[in-house]
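For reference, coords-v8.txt (compact mmCIF, C-alpha atoms):
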# COMPACT_ATOMS: atom_id res chain seq x y z
CA MET B 917 12.20 77.23 -14.75
CA ALA B 918 8.93 75.67 -15.85
CA ASP B 919 10.84 72.51 -16.70
CA ARG B 920 12.33 72.23 -13.24
CA ASP B 921 8.96 72.89 -11.66
CA ALA B 922 7.31 70.17 -13.72
CA ARG B 923 10.03 67.63 -13.01
CA GLU B 924 9.88 68.40 -9.33
CA ARG B 925 6.09 68.24 -9.26
CA ILE B 926 6.30 64.83 -10.85
CA LEU B 927 8.87 63.63 -8.32
CA GLU B 928 6.85 65.00 -5.43
CA ALA B 929 3.72 63.31 -6.78
CA ALA B 930 5.59 60.02 -7.09
CA CYS B 931 6.84 60.36 -3.50
CA ASP B 932 3.32 61.02 -2.23
CA LEU B 933 2.00 57.96 -4.03
CA ILE B 934 4.83 55.68 -2.95
CA ALA B 935 4.28 56.65 0.66
CA ALA B 936 0.52 56.33 0.42
CA GLU B 937 0.28 53.12 -1.56
CA GLY B 938 3.62 51.39 -1.60
CA ILE B 939 6.25 51.08 -4.30
CA ASP B 940 4.51 48.25 -6.13
CA ASP B 941 1.27 50.11 -6.77
CA VAL B 942 2.69 53.29 -8.25
CA ARG B 943 1.65 53.81 -11.86
CA ILE B 944 2.88 56.49 -14.24
CA ALA B 945 -0.66 57.52 -15.18
CA ARG B 946 -1.56 58.23 -11.56
CA VAL B 947 1.67 60.09 -10.91
CA ALA B 948 0.95 62.20 -13.98
CA MET B 949 -2.56 62.95 -12.81
CA ARG B 950 -1.39 63.94 -9.37
CA ALA B 951 1.35 66.11 -10.82
CA ARG B 952 -1.10 67.76 -13.20
CA ALA B 953 1.07 66.65 -16.08
CA SER B 954 0.62 64.41 -19.07
CA THR B 955 1.98 60.88 -19.10
CA ALA B 956 4.03 61.99 -22.11
CA LEU B 957 5.72 64.61 -19.96
CA VAL B 958 6.45 62.07 -17.24
CA HIS B 959 8.02 59.80 -19.88
CA HIS B 960 10.00 62.76 -21.16
CA TYR B 961 11.80 63.05 -17.85
CA PHE B 962 11.79 59.40 -16.83
CA SER B 963 12.03 56.72 -19.49
CA THR B 964 10.83 53.90 -17.24
CA ARG B 965 8.71 53.46 -14.16
CA GLU B 966 11.78 52.11 -12.34
CA GLU B 967 13.75 55.24 -13.15
CA LEU B 968 10.92 57.41 -11.87
CA LEU B 969 10.75 55.42 -8.61
CA GLU B 970 14.49 55.59 -8.10
CA GLN B 971 14.67 59.31 -8.84
CA ALA B 972 11.70 60.00 -6.58
CA ILE B 973 13.29 58.21 -3.66
CA LEU B 974 16.60 59.97 -4.28
CA HIS B 975 14.74 63.27 -4.53
CA SER B 976 13.14 62.67 -1.16
CA PHE B 977 16.36 61.61 0.45
CA GLU B 978 18.37 64.47 -0.96
CA THR B 979 15.92 67.30 -0.47
CA VAL B 980 14.84 66.40 3.01
CA GLY B 981 17.98 64.56 4.03
CA GLU B 982 20.39 67.30 3.19
CA GLU B 983 18.28 69.87 4.94
CA ARG B 984 18.28 67.73 8.05
CA PHE B 985 21.83 66.54 7.77
CA ALA B 986 23.11 70.05 7.13
CA GLU B 987 21.48 71.30 10.33
CA THR B 988 23.25 68.76 12.43
CA GLY B 989 26.50 69.22 10.56
CA GLY B 990 27.19 72.90 10.28
CA GLU B 991 24.89 74.76 12.56
CA ALA B 992 25.05 72.93 15.86
CA PRO B 993 27.40 74.69 18.32
CA ASN B 994 29.23 71.52 19.22
CA ALA B 995 29.24 67.78 18.54
CA THR B 996 27.13 66.96 21.59
CA ALA B 997 24.38 69.29 20.37
CA ALA B 998 24.76 67.89 16.86
CA LEU B 999 24.32 64.34 18.17
CA ALA B 1000 21.30 65.37 20.22
CA GLU B 1001 19.84 66.94 17.11
CA ALA B 1002 20.64 63.82 15.09
CA ILE B 1003 18.77 61.59 17.54
CA GLU B 1004 15.79 63.91 17.37
CA GLU B 1005 15.87 63.93 13.57
CA CYS B 1006 16.01 60.15 13.38
CA LEU B 1007 13.04 59.74 15.71
CA PRO B 1008 10.67 62.31 14.28
CA ARG B 1009 7.46 63.27 15.99
CA PRO B 1010 4.39 61.79 14.28
CA GLY B 1011 3.56 63.79 11.18
CA HIS B 1012 6.96 65.40 10.86
CA LEU B 1013 8.63 64.30 7.63
CA GLU B 1014 6.41 61.27 7.91
CA ARG B 1015 5.95 60.83 4.18
CA ASP B 1016 9.68 60.71 3.64
CA TRP B 1017 10.33 58.33 6.52
CA VAL B 1018 7.63 55.99 5.23
CA LEU B 1019 9.29 56.10 1.84
CA TRP B 1020 12.77 55.32 3.13
CA VAL B 1021 11.59 52.57 5.47
CA GLU B 1022 9.54 51.06 2.69
CA LEU B 1023 12.62 51.09 0.47
CA TRP B 1024 14.81 49.42 3.08
CA LEU B 1025 12.25 46.76 3.87
CA ARG B 1026 11.43 46.04 0.25
CA ALA B 1027 15.09 45.77 -0.62
CA ALA B 1028 15.30 42.83 1.79
CA ARG B 1029 13.35 40.81 -0.70
CA GLU B 1030 13.89 42.50 -4.04
CA PRO B 1031 17.43 42.57 -5.40
CA ASP B 1032 16.49 45.37 -7.82
CA PHE B 1033 16.00 47.81 -4.97
CA ARG B 1034 19.00 46.73 -3.03
CA PRO B 1035 21.68 48.94 -4.64
CA LEU B 1036 19.68 52.11 -4.10
CA ALA B 1037 18.68 51.09 -0.58
CA ALA B 1038 22.24 50.16 0.35
CA THR B 1039 23.53 53.45 -1.08
CA LEU B 1040 21.08 55.62 0.81
CA TYR B 1041 21.49 53.64 3.99
CA GLY B 1042 25.24 54.02 3.57
CA ARG B 1043 24.88 57.79 3.27
CA TYR B 1044 22.76 57.87 6.40
CA HIS B 1045 25.47 55.87 8.18
CA GLU B 1046 28.22 58.21 6.95
CA TRP B 1047 26.31 61.20 8.21
CA LEU B 1048 25.86 59.80 11.71
CA GLU B 1049 29.43 58.55 11.89
CA GLU B 1050 30.65 62.05 10.98
CA VAL B 1051 28.73 63.47 13.90
CA LEU B 1052 30.46 61.02 16.24
CA LYS B 1053 33.89 61.64 14.73
CA ARG B 1054 33.41 65.37 15.09
CA GLY B 1055 32.91 64.90 18.81
CA ILE B 1056 35.86 62.57 19.15
CA GLU B 1057 38.11 65.03 17.33
CA SER B 1058 36.95 67.94 19.44
CA GLY B 1059 37.52 65.91 22.59
CA GLU B 1060 33.86 66.06 23.63
CA PHE B 1061 33.49 62.31 23.23
CA GLU B 1062 35.77 59.53 24.33
CA ALA B 1063 36.76 57.41 21.36
CA PRO B 1064 34.87 54.10 21.39
CA ALA B 1065 36.71 50.96 20.26
CA ASP B 1066 34.99 50.99 16.89
CA VAL B 1067 33.15 54.10 15.73
CA ALA B 1068 31.67 52.45 12.66
CA ALA B 1069 30.27 49.58 14.72
CA LEU B 1070 28.85 51.96 17.32
CA THR B 1071 27.22 53.93 14.49
CA ASP B 1072 25.70 50.70 13.12
CA ARG B 1073 24.32 49.66 16.50
CA THR B 1074 22.88 53.10 17.17
CA MET B 1075 21.26 53.18 13.75
CA ALA B 1076 19.82 49.74 14.36
CA LEU B 1077 18.26 50.92 17.60
CA LEU B 1078 17.00 54.12 15.95
CA ASP B 1079 15.50 52.14 13.07
CA GLY B 1080 13.80 49.59 15.30
CA LEU B 1081 12.29 52.31 17.46
CA GLY B 1082 11.60 54.56 14.49
CA VAL B 1083 9.57 52.01 12.57
CA ARG B 1084 7.37 51.44 15.59
CA ALA B 1085 6.87 55.18 15.95
CA LEU B 1086 6.07 55.44 12.25
CA LEU B 1087 3.45 52.73 12.67
CA HIS B 1088 1.95 54.74 15.49
CA ASP B 1089 2.57 51.93 17.92
CA PRO B 1090 0.47 52.91 20.94
CA THR B 1091 3.19 51.78 23.35
CA MET B 1092 5.77 54.03 21.72
CA ASP B 1093 6.57 57.26 23.43
CA ILE B 1094 8.92 59.40 21.34
CA ASP B 1095 10.51 61.11 24.33
CA ALA B 1096 11.13 57.76 26.03
CA ALA B 1097 12.56 56.37 22.80
CA ARG B 1098 14.96 59.28 22.45
CA ALA B 1099 15.99 58.86 26.07
CA GLN B 1100 16.62 55.20 25.36
CA VAL B 1101 18.94 56.01 22.48
CA ALA B 1102 20.71 58.58 24.64
CA ASP B 1103 21.15 55.99 27.41
CA PHE B 1104 22.50 53.57 24.84
CA ILE B 1105 25.10 55.74 23.16
CA ALA B 1106 26.17 58.18 25.87
CA PRO B 1107 28.12 55.75 28.06
CA GLN B 1108 30.11 54.60 25.07
CA LEU B 1109 31.12 58.19 24.38
CA GLY B 1110 31.88 58.98 28.00
CA ILE B 1111 29.16 61.60 28.31
CA ASP B 1112 25.99 61.99 30.34
CA PRO B 1113 22.80 60.81 28.55
CA SER B 1114 20.96 63.97 29.57
CA ALA B 1115 23.36 66.00 27.43
CA LEU B 1116 21.79 64.34 24.40
CA LEU B 1117 18.22 65.24 25.16
CA THR B 1118 17.27 68.54 23.57
CA GLN B 1119 14.06 68.60 25.53
CA PRO B 1120 13.36 67.19 28.95
CA ALA B 1121 12.07 63.60 28.67
CA MET G 1338 -25.65 21.64 6.20
CA SER G 1339 -23.58 18.49 5.89
CA PRO G 1340 -20.83 17.90 8.43
CA ARG G 1341 -17.40 19.05 7.32
CA PRO G 1342 -15.30 16.35 5.71
CA SER G 1343 -12.52 15.24 8.05
CA ILE G 1344 -9.84 16.31 5.57
CA ASP G 1345 -10.53 19.99 6.32
CA HIS G 1346 -8.51 19.98 9.50
CA ILE G 1347 -5.50 19.03 7.39
CA ARG G 1348 -6.14 21.56 4.65
CA ARG G 1349 -6.01 24.77 6.60
CA PRO G 1350 -2.49 24.23 8.02
CA GLN G 1351 -1.30 22.96 4.62
CA ILE G 1352 -2.62 26.05 2.91
CA LEU G 1353 -1.00 28.26 5.53
CA ALA G 1354 2.34 26.54 5.17
CA ALA G 1355 2.15 26.88 1.39
CA ALA G 1356 1.19 30.54 1.74
CA ALA G 1357 4.09 31.23 4.08
CA GLU G 1358 6.47 29.62 1.58
CA VAL G 1359 5.18 31.47 -1.46
CA ILE G 1360 4.99 34.82 0.34
CA ALA G 1361 8.50 34.39 1.73
CA GLU G 1362 9.76 33.65 -1.78
CA ARG G 1363 7.91 36.33 -3.71
CA GLY G 1364 6.46 38.86 -1.34
CA VAL G 1365 2.80 39.50 -0.68
CA ALA G 1366 2.33 41.78 -3.69
CA ALA G 1367 3.51 39.15 -6.15
CA THR G 1368 1.64 36.29 -4.50
CA ARG G 1369 -1.64 35.32 -6.08
CA ILE G 1370 -4.19 33.08 -4.46
CA ALA G 1371 -3.65 30.80 -7.47
CA ASP G 1372 0.06 30.47 -6.59
CA VAL G 1373 -0.76 29.36 -3.08
CA ALA G 1374 -3.38 26.96 -4.37
CA GLU G 1375 -0.92 25.43 -6.80
CA ARG G 1376 1.76 25.08 -4.13
CA CYS G 1377 -0.42 22.96 -1.88
CA GLY G 1378 -2.39 21.20 -4.59
CA VAL G 1379 -5.85 22.60 -3.95
CA SER G 1380 -8.12 24.81 -6.01
CA PRO G 1381 -8.17 28.60 -5.59
CA PRO G 1382 -11.73 28.52 -4.21
CA ALA G 1383 -10.48 26.12 -1.55
CA VAL G 1384 -7.92 28.69 -0.46
CA LEU G 1385 -10.55 31.42 -0.43
CA TYR G 1386 -12.83 29.19 1.60
CA TRP G 1387 -10.44 29.61 4.49
CA PHE G 1388 -8.99 33.05 3.78
CA ASP G 1389 -11.01 35.96 2.42
CA SER G 1390 -8.05 37.93 1.20
CA LYS G 1391 -4.30 37.93 0.74
CA GLU G 1392 -3.97 40.23 3.74
CA LYS G 1393 -5.84 37.72 5.90
CA LEU G 1394 -3.65 34.97 4.49
CA LEU G 1395 -0.50 36.92 5.38
CA ALA G 1396 -1.74 37.59 8.90
CA GLU G 1397 -2.59 33.92 9.39
CA ALA G 1398 0.68 32.69 7.85
CA LEU G 1399 2.54 34.94 10.24
CA THR G 1400 0.50 33.72 13.19
CA ALA G 1401 1.38 30.14 12.29
CA ASP G 1402 5.03 31.10 11.93
CA ASP G 1403 4.91 32.97 15.21
CA ASP G 1404 3.45 29.99 17.03
CA ARG G 1405 6.15 27.76 15.60
CA PHE G 1406 8.81 30.23 16.76
CA TYR G 1407 7.47 30.29 20.33
CA GLU G 1408 7.30 26.53 20.46
CA GLU G 1409 10.93 26.34 19.42
CA LEU G 1410 11.90 29.13 21.77
CA GLY G 1411 10.00 27.56 24.65
CA GLU G 1412 11.85 24.29 24.21
CA ARG G 1413 15.18 26.05 24.08
CA LEU G 1414 14.51 28.23 27.12
CA ALA G 1415 13.28 25.26 29.12
CA GLY G 1416 16.78 23.84 28.81
CA GLU G 1417 18.42 26.88 30.40
CA VAL G 1418 18.74 27.32 34.13
CA THR G 1419 19.57 30.97 34.81
CA PRO G 1420 17.92 34.14 33.42
CA ARG G 1421 21.29 35.11 31.98
CA GLU G 1422 21.49 31.84 30.04
CA ARG G 1423 17.88 32.23 28.96
CA MET G 1424 18.65 35.71 27.64
CA ILE G 1425 21.60 34.38 25.63
CA ALA G 1426 19.42 31.57 24.27
CA LEU G 1427 16.58 33.97 23.43
CA ILE G 1428 18.90 36.22 21.46
CA GLU G 1429 20.48 33.30 19.63
CA VAL G 1430 17.11 31.86 18.64
CA ALA G 1431 15.75 35.24 17.55
CA ALA G 1432 18.81 36.10 15.50
CA ALA G 1433 18.73 32.72 13.78
CA ASP G 1434 15.04 32.89 12.96
CA ALA G 1435 15.11 32.46 9.24
CA ASP G 1436 11.88 34.00 8.05
CA PHE G 1437 12.67 37.66 8.50
CA ALA G 1438 11.67 38.42 4.92
CA LEU G 1439 8.13 37.43 5.82
CA TRP G 1440 8.17 39.63 8.89
CA MET G 1441 9.63 42.62 7.12
CA GLU G 1442 6.80 42.23 4.63
CA LEU G 1443 4.42 42.75 7.54
CA TRP G 1444 6.03 46.04 8.45
CA THR G 1445 5.53 47.50 4.97
CA TRP G 1446 1.93 46.30 4.81
CA ALA G 1447 1.21 47.54 8.31
CA LEU G 1448 2.08 51.00 7.02
CA ARG G 1449 -1.11 50.89 4.99
CA ASP G 1450 -3.51 48.25 6.21
CA ALA G 1451 -5.25 48.73 9.55
CA ASP G 1452 -5.81 45.02 10.20
CA LEU G 1453 -2.18 44.18 9.53
CA ARG G 1454 -1.11 47.11 11.67
CA ALA G 1455 -3.17 45.67 14.52
CA ALA G 1456 -1.74 42.20 13.86
CA ARG G 1457 1.79 43.59 14.01
CA GLU G 1458 1.04 45.22 17.34
CA ARG G 1459 -0.20 41.93 18.73
CA PHE G 1460 2.86 40.03 17.54
CA ASP G 1461 5.15 42.74 18.88
CA SER G 1462 3.43 42.82 22.28
CA ARG G 1463 3.83 39.10 22.63
CA TRP G 1464 7.50 39.25 21.71
CA ARG G 1465 8.32 42.13 24.00
CA ALA G 1466 6.46 40.49 26.87
CA THR G 1467 8.52 37.34 26.31
CA ILE G 1468 11.76 39.32 26.46
CA GLU G 1469 10.52 41.34 29.42
CA ALA G 1470 9.82 38.18 31.43
CA VAL G 1471 13.44 37.06 31.06
CA VAL G 1472 14.74 40.54 31.92
CA ALA G 1473 12.51 40.76 35.00
CA ASP G 1474 13.64 37.33 36.16
CA GLY G 1475 17.23 38.39 35.72
CA ILE G 1476 16.76 41.56 37.71
CA ALA G 1477 15.03 39.63 40.50
CA ALA G 1478 17.88 37.13 40.53
CA GLY G 1479 20.45 39.94 40.67
CA GLU G 1480 22.00 38.89 37.37
CA PHE G 1481 20.91 42.00 35.48
CA GLY G 1482 21.11 45.63 36.46
CA ALA G 1483 23.47 44.82 39.28
CA GLY G 1484 25.69 47.79 38.43
CA VAL G 1485 25.74 51.20 40.01
CA GLY G 1486 23.79 52.70 37.12
CA ALA G 1487 20.11 53.66 37.16
CA GLU G 1488 17.60 50.90 37.71
CA VAL G 1489 16.79 48.89 34.61
CA ASP G 1490 13.17 49.20 33.49
CA SER G 1491 12.35 45.73 32.14
CA ALA G 1492 9.68 46.96 29.70
CA GLN G 1493 11.98 49.60 28.26
CA ALA G 1494 14.85 47.11 28.08
CA ALA G 1495 12.62 44.65 26.22
CA LEU G 1496 11.66 47.35 23.72
CA ALA G 1497 15.29 48.27 23.17
CA ILE G 1498 16.29 44.63 22.64
CA ALA G 1499 13.44 44.05 20.17
CA ALA G 1500 14.25 47.30 18.35
CA LEU G 1501 17.93 46.47 18.12
CA LEU G 1502 17.20 43.03 16.66
CA ASP G 1503 14.88 44.55 14.06
CA GLY G 1504 17.32 47.25 13.06
CA LEU G 1505 20.19 44.78 12.72
CA THR G 1506 17.98 42.55 10.60
CA VAL G 1507 17.43 45.47 8.21
CA GLN G 1508 21.19 46.03 8.03
CA ALA G 1509 21.83 42.37 7.37
CA ALA G 1510 19.20 42.44 4.63
CA LEU G 1511 20.85 45.41 2.95
CA GLY G 1512 24.37 44.21 3.39
CA ASP G 1513 26.38 41.08 3.05
CA PRO G 1514 24.15 38.05 3.61
CA GLU G 1515 27.06 35.97 4.88
CA VAL G 1516 27.62 38.24 7.81
CA SER G 1517 24.09 38.08 9.12
CA VAL G 1518 23.23 35.60 11.86
CA ALA G 1519 26.52 35.31 13.72
CA ARG G 1520 27.14 39.03 13.57
CA ILE G 1521 23.64 39.91 14.70
CA THR G 1522 23.90 37.48 17.60
CA GLU G 1523 27.22 38.80 18.79
CA THR G 1524 26.27 42.44 18.35
CA VAL G 1525 23.04 42.03 20.25
CA LEU G 1526 24.71 40.08 23.04
CA VAL G 1527 27.30 42.81 23.50
CA SER G 1528 24.72 45.59 23.43
CA VAL G 1529 22.25 43.80 25.67
CA GLY G 1530 25.06 42.99 28.05
CA ARG G 1531 25.76 46.71 28.39
CA LEU G 1532 22.08 47.55 28.68
CA LEU G 1533 21.53 45.02 31.45
CA GLU G 1534 24.93 45.47 33.04
CA ALA G 1535 25.62 41.78 32.64
CA ASP G 1536 28.25 39.73 30.92
CA LEU G 1537 26.69 38.02 27.92
CA PRO G 1538 29.38 36.43 25.82
CA ALA G 1539 28.42 34.50 22.71
CA ARG G 1540 28.39 30.79 23.53
CA ALA G 1541 30.36 29.48 20.57
CA GLY G 1542 33.87 30.84 20.95
CA GLY G 1543 32.91 32.25 24.35
CA ARG G 1544 34.38 35.72 23.84
CA ALA G 1545 33.60 38.10 26.67
CA SER G 1546 32.25 41.54 25.83
CA PRO G 1547 34.96 44.26 25.65

Write out the structure in this file as C-alpha cells.
Amino acid sequence: MADRDARERILEAACDLIAAEGIDDVRIARVAMRARASTALVHHYFSTREELLEQAILHSFETVGEERFAETGGEAPNATAALAEAIEECLPRPGHLERDWVLWVELWLRAAREPDFRPLAATLYGRYHEWLEEVLKRGIESGEFEAPADVAALTDRTMALLDGLGVRALLHDPTMDIDAARAQVADFIAPQLGIDPSALLTQPA
Amino acid sequence: MSPRPSIDHIRRPQILAAAAEVIAERGVAATRIADVAERCGVSPPAVLYWFDSKEKLLAEALTADDDRFYEELGERLAGEVTPRERMIALIEVAAADADFALWMELWTWALRDADLRAARERFDSRWRATIEAVVADGIAAGEFGAGVGAEVDSAQAALAIAALLDGLTVQAALGDPEVSVARITETVLVSVGRLLEADLPARAGGRASP
C-alpha cells in the first residue's frame, strides 16, 4: 500500500513538473522533492529519467483518460449523448484537467521534433483516436448516425479540429470561446452523421 | 557614441536566419546562443547584442519566417482571380509551409512564457484575419455559403480553418511523414469546402469533393 502510494506520488509530482516546466526541464531531484521522497526511491521505481517521464505521461493518460473515456463509453444513454460528452471532454473548460491536457499537448508537439518521444505520442494519440472512433461506430451501429464514407477519416478530421481549437483554449487565447468552439465542432461533424448539430451540445451555446 | 558600422544591417537578418535554422533542427531547448553564433560566423556577444535571450531570438526568428510566408502567400494570391481560387491557393501554401517544427515549438513555449504567448496570439490573429478576408470576399461574391444552411460567420470559419490545419499538422508530425503535405491539402480542401458550402477540389488531379 505504502509502495503504491509512493510510486503514485512520484508520478503525480512528475506530471505536475512536466506541465509546469516542460519535459526538458524535469529533473529527478526536483520530482523527488515534490513527491516528498528520496532520489534513491525515485530510482528504485524508475531506472532512468526517460522511464520516469514516459510512465508519468502514461499515468496521466490512463488515470484521467480512462475516467473520461469510460464516461462517454458506458454511461451515456445513447451514442448522440456520448458524442456530445466526447466533444465537451476534448474541449475542457479552463482549469478542468488542464494539467493533463498541457502534458498531452506538450508530448504531441515535442514528438514532432524528437524521435524519442514519437512512439509514446503516436501510441497515446492512437488510443485517443480509437476511443472517438468507437463513439461514432456505436452511433452508426445503433442507427442514430448515418454512416459516413470513411469513419476513420472523419474521426481524424474531427480530432484535428478539436486539437486546433483545444490548444488555443489551453493557451487562454482571448478570442476563444469554449461554447462557440464546441458549437463549431458540432456544426462540423453533425452533417456528416446526418444529425442536427444542436443534438451534440450538452449545454445551450 | 560612434555611428553604427554599415555591416550591422546585414548581421541582424543573418543571425535570425541562422537562429531559425538551428532552432528548426534542434528545438529551442537544445539551441545555445553559441550554436547560433557559430552557424552565422559571429561571436556569441554579437548575437546577444541583438537578442537578449533565446526566447526573444525565437520570437524574432518566427517573425522573420512569418513575414517570408506572407510575402510568398501574397504573391500567390495575387495570381488568383476568384475568392474560391484564392482559398484553394491559401490552403495549398499553408499546407506546404515547411517550417511547422518551428511553429509547434512556439506552442509549447507559449504554454509557459508570457511574451511568447503574446507573440503567438499576434501571429494567430494575423493568420486568421488573412483567412477571414478571403472567406468574406467569397461570401460577398456568392461563392461561399451559397447553400441553404445557416449563414457562414467568416471569423468563425477562419478559426475553424486555422484550427484544422494545426491539428492535421500535429497528426502528420506523429504519423507517416510521406503522407503529410498532399494529404493535409486534400483533407483541408474537402473540409473547408463543406464548411463554406463550396466546391474546392485539389488542383493537381482535380478530384471533386465527395

Select, as a count of residues only, those residues of chain G with any atom no more than 10 Å from chain B (distances computed using only C-alpha atoms). 53

Expected axis-aligned box over every listed atom of region 1022-1036 of chain B, 6 Å added per side, centre plus edges in Å to one decimal, as lines of an AutoDock Vina configuration file:
center_x = 15.6
center_y = 46.5
center_z = -2.0
size_x = 24.1
size_y = 23.3
size_z = 23.7

Spatial neighbours of region 1351-1360 of chain G, 6 Å, all atoms listed in the file, chain gap at least 4 places, as a ChimeraX atom specification: /G:1364-1365,1373,1376-1377,1398

What's the separation between CA of Ser1491 (chain G) and CA of Glu1469 (chain G), in Å to one decimal place?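 Pair CA of Ser1491 (chain G) / CA of Glu1469 (chain G) returns 5.5 Å.
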
Please measure the separation of CA of Asp1016 (chain B) and CA of Asp1095 (chain B), giving the value in Å to one decimal. 20.7 Å

Quick one: residues within 8 Å of Leu927 (chain B), only C-alpha atoms, excluding same-chain residues fewer than 2 positions away - as a ChimeraX atom specification? /B:923-925,929-931,968,971-972,975

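When all atoms listed in the file are used to measure the gap to Leu1109 (chain B), the shortest distance among B:Leu957, B:Ala995, B:Leu1040, B:Ile1094 belongs to B:Ala995.
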